[in-house]
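**Q** Structure file model-v1.cif (mmCIF, C-alpha atoms) is given on the next line.
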```cif
data_start
#
loop_
_atom_site.label_atom_id
_atom_site.label_comp_id
_atom_site.auth_asym_id
_atom_site.auth_seq_id
_atom_site.Cartn_x
_atom_site.Cartn_y
_atom_site.Cartn_z
CA MET A 1346 139.04 28.64 123.28
CA ARG A 1347 136.61 30.30 125.64
CA GLY A 1348 136.99 33.91 126.72
CA VAL A 1349 140.73 34.18 126.09
CA PRO A 1350 141.94 37.59 127.39
CA ILE A 1351 142.53 40.02 124.54
CA ASN A 1352 145.21 42.70 124.24
CA ILE A 1353 145.43 45.36 121.54
CA ASP A 1354 147.18 43.01 119.11
CA GLY A 1355 144.61 40.30 119.76
CA MET A 1356 141.77 42.73 119.14
CA LYS A 1357 143.35 43.78 115.86
CA LYS A 1358 143.62 40.14 114.77
CA LEU A 1359 139.92 39.62 115.46
CA GLU A 1360 139.01 42.72 113.46
CA LEU A 1361 141.11 41.47 110.54
CA VAL A 1362 139.36 38.11 110.70
CA ALA A 1363 135.99 39.89 110.58
CA ASN A 1364 137.16 41.78 107.51
CA SER A 1365 138.20 38.52 105.81
CA ILE A 1366 134.81 37.02 106.61
CA ARG A 1367 133.06 40.05 105.10
CA GLN A 1368 135.07 39.73 101.90
CA ASP A 1369 134.21 36.04 101.70
CA ILE A 1370 130.53 36.86 102.17
CA VAL A 1371 130.58 39.25 99.22
CA ARG A 1372 132.41 36.75 97.00
CA MET A 1373 129.93 34.01 97.90
CA LEU A 1374 126.91 36.13 97.14
CA VAL A 1375 128.27 37.43 93.84
CA GLU A 1376 129.01 33.87 92.73
CA SER A 1377 125.64 32.51 93.85
CA LYS A 1378 123.63 35.47 92.50
CA SER A 1379 121.33 34.90 95.45
CA GLY A 1380 121.39 35.32 99.21
CA HIS A 1381 121.24 37.73 102.12
CA PRO A 1382 124.06 40.27 102.51
CA ALA A 1383 122.64 42.78 105.01
CA GLY A 1384 122.45 40.62 108.13
CA SER A 1385 125.45 38.52 107.15
CA LEU A 1386 127.76 41.54 106.89
CA GLY A 1387 126.28 43.13 109.99
CA MET A 1388 126.91 40.05 112.15
CA ALA A 1389 130.49 39.37 111.00
CA ASP A 1390 131.98 40.89 114.15
CA VAL A 1391 129.75 38.85 116.46
CA PHE A 1392 130.50 35.59 114.63
CA THR A 1393 134.21 36.38 114.68
CA ALA A 1394 134.05 36.89 118.44
CA LEU A 1395 132.13 33.63 118.88
CA TYR A 1396 134.39 31.41 116.78
CA PHE A 1397 137.75 33.00 117.54
CA ASN A 1398 137.42 33.90 121.21
CA ILE A 1399 134.17 33.04 122.95
CA MET A 1400 133.13 29.49 122.10
CA ARG A 1401 134.91 26.33 123.11
CA HIS A 1402 135.11 24.25 119.93
CA ASN A 1403 137.55 22.18 117.89
CA PRO A 1404 137.32 22.11 114.08
CA ALA A 1405 139.44 18.95 114.04
CA GLN A 1406 136.83 17.26 116.26
CA PRO A 1407 133.49 18.84 115.28
CA SER A 1408 131.50 16.30 117.32
CA TRP A 1409 133.60 16.77 120.46
CA GLU A 1410 131.20 16.21 123.34
CA GLU A 1411 132.50 19.13 125.41
CA ARG A 1412 132.06 21.73 122.68
CA ASP A 1413 129.85 24.77 123.03
CA ARG A 1414 126.87 24.71 120.66
CA LEU A 1415 125.66 27.47 118.33
CA PHE A 1416 122.11 27.27 116.97
CA LEU A 1417 121.51 29.64 114.07
CA SER A 1418 117.84 30.53 114.16
CA ASN A 1419 117.80 33.18 111.41
CA GLY A 1420 119.22 30.71 108.91
CA HIS A 1421 119.14 33.15 106.00
CA ILE A 1422 122.32 34.81 107.31
CA CYS A 1423 124.15 31.54 106.69
CA PRO A 1424 126.81 33.25 104.52
CA VAL A 1425 128.41 34.67 107.69
CA PHE A 1426 127.99 31.30 109.40
CA TYR A 1427 129.59 29.35 106.54
CA ALA A 1428 132.40 31.89 106.17
CA SER A 1429 133.12 31.68 109.92
CA LEU A 1430 133.19 27.88 109.84
CA ALA A 1431 135.55 27.88 106.86
CA GLU A 1432 137.80 30.53 108.42
CA SER A 1433 137.94 28.36 111.55
CA GLY A 1434 138.99 25.30 109.54
CA TYR A 1435 135.84 23.18 109.48
CA PHE A 1436 136.03 22.86 105.69
CA PRO A 1437 138.10 24.35 102.82
CA LYS A 1438 137.33 27.97 102.01
CA GLU A 1439 137.09 27.09 98.31
CA LYS A 1440 133.79 25.38 99.09
CA LEU A 1441 132.26 28.77 99.97
CA LEU A 1442 131.90 29.61 96.28
CA THR A 1443 129.42 26.75 95.90
CA LEU A 1444 126.83 28.62 97.98
CA ARG A 1445 123.27 27.80 96.84
CA LYS A 1446 124.46 25.80 93.83
CA LEU A 1447 122.74 22.54 92.91
CA GLY A 1448 124.23 19.70 94.92
CA SER A 1449 126.26 21.97 97.21
CA PRO A 1450 126.21 21.29 100.97
CA LEU A 1451 126.05 25.06 101.46
CA GLN A 1452 122.43 25.82 100.72
CA GLY A 1453 120.44 28.99 101.44
CA HIS A 1454 119.67 27.74 104.94
CA PRO A 1455 122.00 25.48 106.93
CA HIS A 1456 121.33 21.75 107.04
CA ARG A 1457 122.68 19.68 109.94
CA GLY A 1458 125.19 17.14 108.66
CA ALA A 1459 125.88 18.92 105.38
CA VAL A 1460 129.27 20.15 106.62
CA PRO A 1461 130.95 19.84 110.03
CA GLY A 1462 130.05 22.43 112.61
CA ILE A 1463 126.33 22.85 111.88
CA GLU A 1464 124.22 22.02 114.95
CA ASN A 1465 120.72 22.55 113.53
CA SER A 1466 118.82 22.73 110.29
CA SER A 1467 117.08 26.07 109.97
CA GLY A 1468 114.64 27.77 107.68
CA PRO A 1469 111.34 28.69 109.33
CA LEU A 1470 112.11 31.58 111.65
CA GLY A 1471 111.77 31.03 115.40
CA GLN A 1472 112.57 27.33 115.52
CA GLY A 1473 116.28 27.59 116.19
CA VAL A 1474 115.65 29.35 119.49
CA SER A 1475 113.41 26.49 120.65
CA MET A 1476 116.09 23.96 119.68
CA ALA A 1477 118.68 25.93 121.62
CA VAL A 1478 116.48 26.01 124.71
CA GLY A 1479 115.99 22.26 124.45
CA MET A 1480 119.73 21.67 124.19
CA ALA A 1481 120.39 23.96 127.15
CA ILE A 1482 117.89 21.93 129.20
CA VAL A 1483 119.84 18.79 128.25
CA GLY A 1484 123.05 20.44 129.39
CA LYS A 1485 121.53 21.32 132.75
CA ARG A 1486 120.02 17.89 133.35
CA GLU A 1487 123.29 16.14 132.48
CA ASP A 1488 125.35 18.62 134.51
CA LYS A 1489 127.48 19.65 131.51
CA ASP A 1490 129.65 22.75 131.52
CA TRP A 1491 129.30 23.52 127.81
CA ARG A 1492 127.21 26.49 126.79
CA VAL A 1493 124.52 26.97 124.17
CA TYR A 1494 124.40 30.07 121.98
CA THR A 1495 121.64 31.03 119.58
CA ALA A 1496 121.60 33.86 117.05
CA LEU A 1497 118.39 35.38 115.75
CA GLY A 1498 117.26 38.50 113.93
CA ASP A 1499 115.16 41.29 115.37
CA GLY A 1500 112.53 40.74 112.68
CA GLU A 1501 112.35 37.16 113.91
CA LEU A 1502 111.00 38.49 117.21
CA ASN A 1503 107.69 38.91 115.35
CA GLU A 1504 107.31 35.13 115.75
CA GLY A 1505 105.27 34.09 118.79
CA GLN A 1506 107.23 30.87 119.15
CA VAL A 1507 110.39 32.67 120.24
CA TRP A 1508 108.61 34.23 123.22
CA GLU A 1509 107.30 30.83 124.29
CA ALA A 1510 110.89 29.59 124.18
CA PHE A 1511 112.08 32.61 126.16
CA MET A 1512 109.54 31.85 128.89
CA LEU A 1513 110.64 28.22 129.06
CA ALA A 1514 114.30 29.24 129.34
CA SER A 1515 113.45 31.51 132.23
CA LYS A 1516 111.41 28.79 133.98
CA TYR A 1517 114.39 26.42 133.96
CA LYS A 1518 116.90 29.16 134.87
CA LEU A 1519 119.07 28.31 131.86
CA ASP A 1520 122.18 30.30 132.71
CA ASN A 1521 124.03 28.08 130.21
CA LEU A 1522 122.11 29.75 127.37
CA ILE A 1523 123.00 33.02 125.62
CA ALA A 1524 120.81 34.44 122.84
CA ILE A 1525 122.23 37.07 120.50
CA ILE A 1526 119.75 39.40 118.80
CA ASP A 1527 120.90 41.02 115.56
CA ARG A 1528 119.28 44.39 116.28
CA ASN A 1529 119.79 46.01 112.88
CA ASN A 1530 116.29 47.52 112.74
CA ILE A 1531 115.44 46.11 109.30
CA GLN A 1532 113.62 43.11 107.87
CA ILE A 1533 112.60 42.06 104.40
CA ASP A 1534 109.52 44.29 104.25
CA GLY A 1535 111.07 47.45 105.72
CA THR A 1536 112.18 48.75 109.09
CA THR A 1537 111.18 46.88 112.22
CA ASP A 1538 109.48 50.05 113.45
CA ASP A 1539 107.28 50.15 110.37
CA VAL A 1540 106.50 46.42 110.26
CA LEU A 1541 105.99 45.69 113.96
CA PRO A 1542 107.65 47.91 116.59
CA LEU A 1543 109.73 46.03 119.18
CA GLU A 1544 110.60 48.67 121.73
CA PRO A 1545 110.99 48.73 124.66
CA LEU A 1546 112.94 45.58 123.84
CA SER A 1547 115.26 45.42 126.85
CA GLU A 1548 112.31 45.80 129.21
CA LYS A 1549 110.45 43.01 127.43
CA PHE A 1550 113.32 40.56 127.97
CA ASP A 1551 113.73 41.72 131.56
CA SER A 1552 110.05 41.05 132.22
CA PHE A 1553 110.52 37.55 130.79
CA GLY A 1554 113.21 36.87 133.41
CA TRP A 1555 116.30 37.25 131.25
CA ASN A 1556 119.59 38.96 131.99
CA VAL A 1557 119.84 41.69 129.36
CA VAL A 1558 123.09 43.02 127.88
CA VAL A 1559 123.09 45.71 125.19
CA VAL A 1560 126.20 46.21 123.05
CA ASP A 1561 127.47 47.85 119.91
CA GLY A 1562 127.44 44.77 117.69
CA ASN A 1563 130.13 46.15 115.39
CA ASN A 1564 132.64 47.03 118.11
CA MET A 1565 134.81 44.04 118.97
CA ASN A 1566 135.77 45.26 122.43
CA ALA A 1567 132.13 45.93 123.31
CA ILE A 1568 131.08 42.51 121.99
CA LEU A 1569 133.67 40.65 124.07
CA HIS A 1570 132.74 42.64 127.18
CA GLY A 1571 129.09 41.88 126.51
CA PHE A 1572 129.75 38.14 126.43
CA ASP A 1573 131.67 38.43 129.70
CA MET A 1574 128.63 40.07 131.29
CA ALA A 1575 126.28 37.48 129.82
CA ARG A 1576 128.33 34.58 131.18
CA SER A 1577 128.58 35.99 134.68
CA CYS A 1578 124.89 36.02 135.64
CA PRO A 1579 123.92 32.85 137.53
CA GLY A 1580 120.34 31.61 137.56
CA LYS A 1581 119.14 33.39 134.42
CA PRO A 1582 119.43 32.95 130.66
CA SER A 1583 121.13 35.93 129.03
CA VAL A 1584 120.33 37.89 125.90
CA ILE A 1585 122.80 40.12 124.12
CA ILE A 1586 121.02 42.78 122.09
CA ALA A 1587 123.69 43.55 119.49
CA ASN A 1588 123.01 46.89 117.83
CA THR A 1589 124.45 46.30 114.37
CA VAL A 1590 124.58 48.16 111.08
CA SER A 1591 123.02 46.06 108.34
CA GLY A 1592 125.45 45.65 105.45
CA LYS A 1593 128.31 46.80 107.68
CA GLY A 1594 131.53 47.55 105.80
CA VAL A 1595 129.93 48.15 102.42
CA SER A 1596 128.75 51.75 102.39
CA PHE A 1597 126.15 51.42 99.65
CA MET A 1598 124.47 48.56 101.52
CA GLU A 1599 124.54 49.95 105.04
CA ARG A 1600 121.17 50.49 106.76
CA LYS A 1601 119.21 49.79 103.56
CA PHE A 1602 116.53 47.12 103.97
CA GLY A 1603 116.55 46.53 100.20
CA TRP A 1604 119.77 44.58 100.71
CA HIS A 1605 118.14 42.18 103.17
CA GLY A 1606 117.83 39.47 100.53
CA LYS A 1607 119.39 40.94 97.39
CA SER A 1608 122.80 39.70 96.24
CA PRO A 1609 125.29 42.14 94.67
CA ASN A 1610 126.06 41.84 90.96
CA LYS A 1611 129.63 41.56 89.69
CA GLU A 1612 130.26 45.31 89.56
CA GLU A 1613 128.71 45.89 92.98
CA GLY A 1614 130.75 43.00 94.36
CA GLU A 1615 133.98 44.45 93.01
CA ALA A 1616 133.17 47.82 94.58
CA ALA A 1617 132.37 46.14 97.90
CA ILE A 1618 135.60 44.10 97.92
CA LYS A 1619 137.60 47.23 97.07
CA GLU A 1620 136.07 49.11 99.99
CA LEU A 1621 136.69 46.23 102.40
CA ALA A 1622 140.27 45.81 101.15
CA GLU A 1623 140.95 49.51 101.73
CA ALA A 1624 139.53 49.24 105.24
CA ARG A 1625 141.79 46.26 105.85
CA LYS A 1626 144.89 48.21 104.83
CA LYS A 1627 144.02 50.89 107.36
CA MET A 1628 143.62 48.24 110.06
CA GLU A 1629 146.97 46.68 109.23
CA VAL A 1630 148.84 49.97 109.61
CA GLY A 1631 146.88 50.89 112.71
CA ARG A 1632 145.12 53.96 111.29
#
```
Re-express the file's structure as structure tokens.
**A**
Amino acid sequence: MRGVPINIDGMKKLELVANSIRQDIVRMLVESKSGHPAGSLGMADVFTALYFNIMRHNPAQPSWEERDRLFLSNGHICPVFYASLAESGYFPKEKLLTLRKLGSPLQGHPHRGAVPGIENSSGPLGQGVSMAVGMAIVGKREDKDWRVYTALGDGELNEGQVWEAFMLASKYKLDNLIAIIDRNNIQIDGTTDDVLPLEPLSEKFDSFGWNVVVVDGNNMNAILHGFDMARSCPGKPSVIIANTVSGKGVSFMERKFGWHGKSPNKEEGEAAIKELAEARKKMEVGR
């Protein structure tokens, strides 16, 4: 699917999928006793939009040549990536509970070839963006109509390599490339403002020759509209700055940088699942 029009019922289905993905993230992290909940929970809405409306892909044919490609640059938020792949049907959901276990294909950073649907191995921050730019150049040179998406964190913008990649994308007018910034304002050492201020971020991307779209990254309607705007700008790569709430959906995690890389214990996991389940009930009855 790619940009399928959404009515109210369709929007509700997407929001329910995002809730399911959040619950899976919590279960995975409780079981693994290790991992990164803040960014994973915060990006659940964006990944739901990508896999269930925006991207053209086929779980039954993961190597389909005409598929859109997603390069995860901030690989530590792989719980949301794995949960989205499983929810889409790339592999059984039961496998999610093997996260970070010895011998599991679902390690703390994605590895290409470990399970279907992973386009790039990631770990060192900044590299996924460069890979995405390279793939977008391939798409242009071979006159392909598939698109390349890359997700990265705002803390990752501290890396000089990403800005080199952004310049290259602008040089080659890669309008087949869309970058999504998880703008949650936190990183492992604190807030982005305290560690290394990024603002004015939109103006920075504009000066680098990118089409800039700013959205509420936890509002499904705004996310879908943002992708529409990003895909309708010829001659420029696009960046969606998704303003998200870290730990979204779990009140005791929200906006707290301490949850960047700290997994919930059993009791915390139960409380988180309860809160998400209650939110789901409200969605289902339309309240």
**Q** Applied to the shown file, which residues does the PyMOL selection byres ((chain A and resi 1453) around 10) return, written as a PyMOL selection string?
**A** chain A and resi 1377+1379-1381+1420-1424+1444-1446+1450-1452+1454-1456+1467-1468
**Q** Given the file shown, determine the residues that the PyMOL selection byres ((chain A and resi 1463) around 10) selects; report them as a PyMOL selection string.
**A** chain A and resi 1407-1408+1414-1417+1426-1427+1430+1435+1455-1462+1464-1467
**Q** Give me the result of the PyMOL selection byres ((chain A and resi 1386-1393) around 6) on this file, residue by residue, as a ChimeraX atom specification.
**A** /A:1363,1367,1382-1385,1394-1397,1563,1589-1593
**Q** Can you pull out every residue within 10 Å of stretch 1546-1549 of chain A, counting all atoms listed in the file, but drop anything in the same chain fewer than 3 positions away, and send it as a list in words?
**A**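 Close residues of stretch 1546-1549 of chain A: Asp1499, Leu1502, Trp1508, Arg1528, Pro1542, Leu1543, Ser1552, Phe1553, Gly1554, Trp1555, Asn1556, Val1557, Val1558, Val1559, Val1584, Ile1585 and Ile1586 of chain A.
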**Q** Considering only C-alpha atoms, state which residue in the set A:Glu1360, A:Ile1523, A:Arg1625, A:Gly1448 is at the smallest distance from A:Phe1572.
**A**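 Using only C-alpha atoms, the shortest distance to A:Phe1572 belongs to A:Ile1523.
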**Q** Any idea what the distance is between atom CA of A:Phe1511 and atom CA of A:Leu1470?
**A**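 About the pair atom CA of A:Phe1511 and atom CA of A:Leu1470: they are 14.5 Å apart.
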**Q** Wanna dump the stretch 1541-1607 of chain A-stretch 1475-1494 of chain A contacts at 10 Å for me, each residue with its shortest atom pair and the distance in Å to one decimal, counting all atoms listed in the file, ordered by chain and number, as JSON lines?
**A**
```
{"residue": "A:Arg1576", "atom": "CA", "partner": "A:Arg1492", "partner_atom": "CA", "distance": 9.3}
{"residue": "A:Pro1582", "atom": "CA", "partner": "A:Val1478", "partner_atom": "CA", "distance": 9.6}
{"residue": "A:Ser1583", "atom": "CA", "partner": "A:Tyr1494", "partner_atom": "CA", "distance": 9.7}
{"residue": "A:Val1584", "atom": "CA", "partner": "A:Tyr1494", "partner_atom": "CA", "distance": 9.6}
```
**Q** Rounded to one decimal, what separation in Å do you get between atom CA of A:Ile1526 and atom CA of A:Asp1539?
**A**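 Interatomic distance, atom CA of A:Ile1526 to atom CA of A:Asp1539: 18.5 Å.
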**Q** When you draw a straight line from atom CA of A:Asn1521 to atom CA of A:Leu1569, how long is it in Å?
**A**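 Going from atom CA of A:Asn1521 over to atom CA of A:Leu1569 covers 17.0 Å.
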**Q** Given the choices A:Ser1418, A:Ala1616, A:Leu1522, A:Leu1361, which gets closest to A:Gln1472 if the distance is worked out from only C-alpha atoms?
**A**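 Checking each of A:Ser1418, A:Ala1616, A:Leu1522, A:Leu1361 against A:Gln1472, counting only C-alpha atoms, the winner is A:Ser1418.
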**Q** For each of A:Asp1520, A:Lys1607, A:Ala1514, A:Ile1618, take the minimum atom-to-atom distance to A:Ser1577, counting all atoms listed in the file, then give the residue where this is smallest.
**A**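 Smallest separation from A:Ser1577 among the options: A:Asp1520.
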**Q** From the options A:Leu1447, A:Ile1366, A:Leu1519, A:Val1507, which residue's atoms come nearest to A:Ala1622, counting all atoms listed in the file?
**A**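 Of A:Leu1447, A:Ile1366, A:Leu1519, A:Val1507, the one nearest A:Ala1622, counting all atoms listed in the file, is A:Ile1366.
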**Q** Adding 6 Å on each side of the box along x, y and z that holds all listed atoms of stretch 1497-1506 of chain A, could you give its centre and edge lengths in Å to one decimal, as lines of an AutoDock Vina configuration file?
**A**
```
center_x = 111.8
center_y = 36.1
center_z = 115.9
size_x = 25.1
size_y = 22.4
size_z = 18.5
```
**Q** Excluding A:Val1595 and any residue of its chain fewer than 6 positions from it, enumerate the residues within 8 Å of it, using only C-alpha atoms, and give them as a list in words.
**A**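 The contact residues come out as Ala1617, Glu1620 and Leu1621 of chain A.
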